[in-house]
Amino acid sequence: MAVSTTTAPGDQLHGNNGNHVISVVSNNNKISQNSYPSGGGSRNFVLRRRSLEISAAVFLGIAVCCLVLYRSLYSSAGGLLFPGYLFSISRGSSSLQAAANRPEITSPVPESSDPELMRVLKNATRTTGGPTSSLPSRTVILTTLNSAWAEPGSILDLFLESFRAGNGTQDLVDNLVIISLDQKAHQRCQAIHPHCYALTTPGVNFTGEAYFMTNEYLLMMWRRIDFLASVLRLGYDFVFTDADIMWFRNPFPHFYKDADFQIACDQYTGRRGGGSSTDRRNHPNGGFTFVRSNVRTLQFYRFWYHARQSFPGMHDQDVLNKIKFDPFLDDIGLKVRFLDTAYFGGFCEPARNLNWACTMHANCCVGLGHKIHDLNVVLGDWKHYMSLPADSRGSASFTWRAPQRCRYVAFVLTI
């Protein structure tokens, strides 16, 4: 069958070349539309049926293409896309528009089960929730590091030493899982600590120092967010801590009981020791978080991880600063709290009063050597403070001598 057009004064179709009507050639017999007799039902029926068949074929083709596209996106997202769960992120803007018909996640069932991870988490939380544990049931402390931070005398040794030197932190190390990002770091962990897990990333080498904002650094940060989401899916609450954070007091008495997601800050708004823990103008630092496993945090970590695609070249903390104002967080009912630097300080904004300090973070500091030097100073300050008689510490006006080598870097990163 072939299709041609003939010009006619009546029953006209508008086209680029003037007015035309359709003529159909079939079996070498030309059937002209303007030659149909009145009430020519059979020919009209054939044309209408042909039109319906073509429309159905086009619709079916579009439907198949959409199905193939959806399955491809679903697979590449690790099974994290849902029909109707659509959100768009304006690049360079903090506004993410979420669809009104997003589904709810009904339970924190893991999408995949890693027997080794499940074994390590179970062993590290065996005593939690008991009468002698300060940690709630199924709560674990997590940190990540590579071989550059795991070398003897490097960050890992200082990190573990802070637990031993801290006030009421000695037992917390029993609930600590060290996540190693390369084989050398894993071997060092196994030599000195009972709870180690090797997190591998095919095709990526995290062995050396990952310099701030390099491709390796960004991959490491986002791999961490993806891993933490998997811990939530397994039903574990966690405190995530960077290994360059010194633990000097048990932080759990200072966590909020009603919060889903709690995070330390580079800078804390308002009067220190009395600012607003719900003010989203606080500047969060992803190096220290306490997260409870529930429907809301699972949705949030999924949202956070996929938001990286709309902010290329940004690490997890910068993306969090973009999305923290988004209505999606309120829509899912996520309860967010920002932790006061008076208790959870760092080189960006140190906790000046050692009587309050729980942790001290070597943030706002670039360079492994600078971190190691200044954390040794911090650890020395703490040990000197703890050497004082208990009844005189409260009146002592001690403060940190650090940052020193990190001082200029801290100033640059906070202005």
# chains A, B, ... in the order shown; residues from 1 in each chain; ligands from 1

call {"tool": "residues_around", "arguments": {"residues": "A:Ser137", "least_positions_apart": "4", "cutoff": "8 Å", "atoms": "only C-alpha atoms", "output": "ChimeraX atom specification"}}
result
/A:125,128-130

call {"tool": "write_last_selection", "arguments": {"atoms": "all heavy atoms", "output": "tab-separated table (two decimals), in the first residue's frame"}}
result
chain	number	residue	atom	x	y	z
A	125	THR	N	28.05	-5.30	68.61
A	125	THR	CA	26.89	-4.82	69.40
A	125	THR	C	26.38	-5.88	70.37
A	125	THR	O	25.28	-5.75	70.90
A	125	THR	CB	25.75	-4.40	68.45
A	125	THR	OG1	25.38	-5.52	67.62
A	125	THR	CG2	26.16	-3.23	67.58
A	128	THR	N	25.60	-4.24	73.70
A	128	THR	CA	24.81	-3.00	73.76
A	128	THR	C	23.42	-3.27	74.29
A	128	THR	O	22.84	-4.34	74.06
A	128	THR	CB	24.71	-2.34	72.37
A	128	THR	OG1	24.06	-3.25	71.47
A	128	THR	CG2	26.07	-1.99	71.83
A	129	GLY	N	22.88	-2.29	74.99
A	129	GLY	CA	21.55	-2.44	75.57
A	129	GLY	C	21.53	-3.17	76.89
A	129	GLY	O	20.50	-3.25	77.55
A	130	GLY	N	22.69	-3.70	77.31
A	130	GLY	CA	22.77	-4.42	78.57
A	130	GLY	C	22.97	-3.49	79.75
A	130	GLY	O	23.18	-2.28	79.58

call {"tool": "residues_around", "arguments": {"residues": "A:Tyr343", "least_positions_apart": "5", "cutoff": "7 Å", "atoms": "only C-alpha atoms", "output": "number ranges by chain"}}
result
A: 351, 356-359

call {"tool": "write_last_selection", "arguments": {"atoms": "N, CA and C atoms", "output": "CSV table (one decimal), in the first residue's frame"}}
result
chain,number,residue,atom,x,y,z
A,351,ALA,N,36.0,23.5,71.3
A,351,ALA,CA,35.3,23.5,72.6
A,351,ALA,C,36.2,24.1,73.6
A,356,TRP,N,33.5,20.5,79.5
A,356,TRP,CA,32.4,20.2,78.7
A,356,TRP,C,32.7,19.3,77.5
A,357,ALA,N,34.0,19.3,77.1
A,357,ALA,CA,34.4,18.7,75.8
A,357,ALA,C,34.1,17.2,75.8
A,358,CYS,N,33.4,16.7,74.7
A,358,CYS,CA,33.3,15.3,74.5
A,358,CYS,C,34.2,14.8,73.4
A,359,THR,N,34.3,15.6,72.3
A,359,THR,CA,35.1,15.2,71.2
A,359,THR,C,35.8,16.5,70.7

call {"tool": "residues_around", "arguments": {"residues": "stretch 147-157 of chain A", "least_positions_apart": "6", "cutoff": "10 Å", "atoms": "only C-alpha atoms", "output": "number ranges by chain"}}
result
A: 178, 180-189, 192, 206-210, 242-246, 368-369, 371-373, 375-376

call {"tool": "closest_residue", "arguments": {"among": "A:Gln309, A:Gln404, A:Thr127, A:Asn285", "to": "A:Thr241", "atoms": "only C-alpha atoms"}}
result
A:Asn285

call {"tool": "residues_around", "arguments": {"residues": "A:Arg249", "least_positions_apart": "2", "cutoff": "12 Å", "atoms": "only C-alpha atoms", "output": "number ranges by chain"}}
result
A: 134, 162-172, 245-247, 251-254, 343-344, 354-360, 382, 386

call {"tool": "closest_residue", "arguments": {"among": "A:Val173, A:Cys348, A:Leu117, A:Ala57", "to": "A:Asp266", "atoms": "only C-alpha atoms"}}
result
A:Cys348

call {"tool": "atom_distance", "arguments": {"atom1": "atom CA of A:Leu142", "atom2": "atom CA of A:Val239"}}
result
6.2 Å

call {"tool": "residues_around", "arguments": {"residues": "A:Leu298", "least_positions_apart": "6", "cutoff": "7 Å", "atoms": "only C-alpha atoms", "output": "list in words"}}
result
Ala229, Leu232 and Arg233 of chain A

call {"tool": "write_last_selection", "arguments": {"atoms": "N, CA, C and O atoms", "output": "PDB file, in the first residue's frame"}}
result
ATOM      1  N   ALA A 229      24.252   3.996  54.589  1.00  0.00           N
ATOM      2  CA  ALA A 229      22.859   3.670  54.275  1.00  0.00           C
ATOM      3  C   ALA A 229      22.611   2.169  54.380  1.00  0.00           C
ATOM      4  O   ALA A 229      21.542   1.734  54.833  1.00  0.00           O
ATOM      5  N   LEU A 232      22.063   1.250  57.992  1.00  0.00           N
ATOM      6  CA  LEU A 232      20.694   1.586  58.400  1.00  0.00           C
ATOM      7  C   LEU A 232      19.707   0.539  57.900  1.00  0.00           C
ATOM      8  O   LEU A 232      18.764   0.167  58.618  1.00  0.00           O
ATOM      9  N   ARG A 233      19.898   0.071  56.684  1.00  0.00           N
ATOM     10  CA  ARG A 233      18.983  -0.934  56.132  1.00  0.00           C
ATOM     11  C   ARG A 233      19.039  -2.236  56.916  1.00  0.00           C
ATOM     12  O   ARG A 233      18.064  -2.985  56.944  1.00  0.00           O
TER      13      ARG A 233
END

call {"tool": "atom_distance", "arguments": {"atom1": "atom CA of A:Phe338", "atom2": "atom CA of A:Lys122"}}
result
28.7 Å

call {"tool": "closest_residue", "arguments": {"among": "A:Leu158, A:Met220, A:Pro389, A:Arg138", "to": "A:Gly235", "atoms": "only C-alpha atoms"}}
result
A:Arg138

call {"tool": "closest_residue", "arguments": {"among": "A:Thr200, A:Thr278, A:Ser395, A:Gln299", "to": "A:Lys335", "atoms": "only C-alpha atoms"}}
result
A:Thr278

call {"tool": "select_by_dssp", "arguments": {"residues": "stretch 196-413 of chain A", "states": "alpha helix (DSSP H)", "output": "PyMOL selection string"}}
result
chain A and resi 215-233+295-307+316-323+327-331+368-386+390-393+407-413

call {"tool": "atom_distance", "arguments": {"atom1": "atom CA of A:Cys265", "atom2": "atom CA of A:Gly345"}}
result
7.7 Å

call {"tool": "select_by_dssp", "arguments": {"residues": "stretch 268-357 of chain A", "states": "strand (DSSP E)", "output": "list in words"}}
result
His283, Pro284, Asn285, Gly286, Gly287, Phe288, Thr289, Phe290, Val291, Val336, Arg337, Phe338, Phe344, Gly345 and Gly346 of chain A

call {"tool": "write_last_selection", "arguments": {"atoms": "N, CA and C atoms", "output": "short mmCIF file (atom, residue, chain, number, x, y, z; two decimals), in the first residue's frame"}}
result
data_model
loop_
_atom_site.label_atom_id
_atom_site.label_comp_id
_atom_site.auth_asym_id
_atom_site.auth_seq_id
_atom_site.Cartn_x
_atom_site.Cartn_y
_atom_site.Cartn_z
N HIS A 283 26.26 25.12 60.39
CA HIS A 283 27.13 24.56 59.34
C HIS A 283 27.55 23.15 59.74
N PRO A 284 26.86 22.13 59.22
CA PRO A 284 27.12 20.76 59.67
C PRO A 284 28.44 20.21 59.16
N ASN A 285 28.96 19.25 59.90
CA ASN A 285 30.17 18.52 59.49
C ASN A 285 29.85 17.04 59.52
N GLY A 286 29.93 16.40 58.35
CA GLY A 286 29.55 14.99 58.23
C GLY A 286 30.50 14.02 58.89
N GLY A 287 31.55 14.52 59.55
CA GLY A 287 32.50 13.64 60.20
C GLY A 287 32.04 13.06 61.51
N PHE A 288 30.89 13.55 62.04
CA PHE A 288 30.38 13.01 63.29
C PHE A 288 28.86 13.09 63.27
N THR A 289 28.22 11.93 63.26
CA THR A 289 26.76 11.86 63.22
C THR A 289 26.27 10.74 64.12
N PHE A 290 25.07 10.93 64.65
CA PHE A 290 24.36 9.86 65.34
C PHE A 290 23.03 9.69 64.61
N VAL A 291 22.80 8.50 64.06
CA VAL A 291 21.65 8.26 63.19
C VAL A 291 20.90 7.02 63.67
N VAL A 336 15.86 16.55 62.71
CA VAL A 336 17.28 16.85 62.60
C VAL A 336 17.71 17.72 63.78
N ARG A 337 18.85 17.38 64.35
CA ARG A 337 19.45 18.19 65.42
C ARG A 337 20.91 18.45 65.11
N PHE A 338 21.35 19.67 65.36
CA PHE A 338 22.75 20.04 65.18
C PHE A 338 23.42 20.09 66.55
N PHE A 344 30.96 19.22 71.13
CA PHE A 344 31.51 18.49 69.98
C PHE A 344 32.26 19.48 69.10
N GLY A 345 33.45 19.88 69.57
CA GLY A 345 34.20 20.94 68.90
C GLY A 345 35.19 20.41 67.88
N GLY A 346 35.89 21.35 67.29
CA GLY A 346 36.91 21.02 66.30
C GLY A 346 37.80 22.23 66.08
#

call {"tool": "closest_residue", "arguments": {"among": "A:Val231, A:Asn123, A:Gly313, A:Ile141", "to": "A:Asn250", "atoms": "only C-alpha atoms"}}
result
A:Ile141
